[in-house]
Amino acid sequence: MVLKSVVGYALAFISALILYYTIAHKFESKLGLKTLEKKNQKKYWLIAQWFSTGFLWSQWLIQDFANIYVFLSSALSPKELLVSLGIILLIMAYIFKNKGGKIQDIVTKKSNTGNIRSATIIDFLYGLI
């Protein structure tokens with residue numbers, strides 16, 4: 001199980017680097033930034049960003065729930081399942097309420113999160129992976 005987790009994190013890291021450098025080169029160049037001038041394009045990318053981020057978060061939650069429930073008793077009652085899911089979702093709601101907290105502050109300071117197009121594409125592809 002530990003080996004699978006380590007391989008998964010290694011795959012995620014390598015994939016993230018390749019995706020970021022491939023997509024960032026195309027969409028974050030000076031030419032790429034100038035093509036997002038129209039208001040309709042900005043609105044489209046904002047909507048796409050919401051969907052791609054929601055998709056990515058759903059995939060993370062599914063994976064996290066699967067990892068947690070592998071270690072719990074296989075005789076989990078429906079009530080226990082709902083209570084545990086509720087607790088985990090409350091923790092996630094707290095993180096959302098605090099806008100990601102300190103981790104999000106670090107991510108925002110250390111990365112180019114201003115370009116919505118590359119972030120949208122990366123979120124969607126990373127969710128697929």
# chains A, B, ... in the order shown; residues from 1 in each chain; ligands from 1
>>> residues_around(residues="segment 12-16 of chain A", least_positions_apart="4", cutoff="10 Å", atoms="only C-alpha atoms", output="PyMOL selection string")
chain A and resi 6-8+20-22+122-123+125-126+129
>>> residues_around(residues="Ile116 of chain A", least_positions_apart="3", cutoff="8 Å", atoms="only C-alpha atoms", output="list of chain:residue names")
A:Trp45, A:Leu46, A:Gln49, A:Thr113, A:Ala119, A:Thr120
>>> closest_residue(among="A:Leu61, A:Ile68, A:Ile23, A:Lys99", to="Ser84 of chain A", atoms="only C-alpha atoms")
A:Ile68
>>> atom_distance(atom1="atom CA of Ile121 of chain A", atom2="atom CA of Trp60 of chain A")
16.5 Å
>>> atom_distance(atom1="atom CA of Ser58 of chain A", atom2="atom CA of Leu19 of chain A")
19.9 Å
>>> atom_distance(atom1="atom CA of Phe65 of chain A", atom2="atom CA of Ile95 of chain A")
16.6 Å
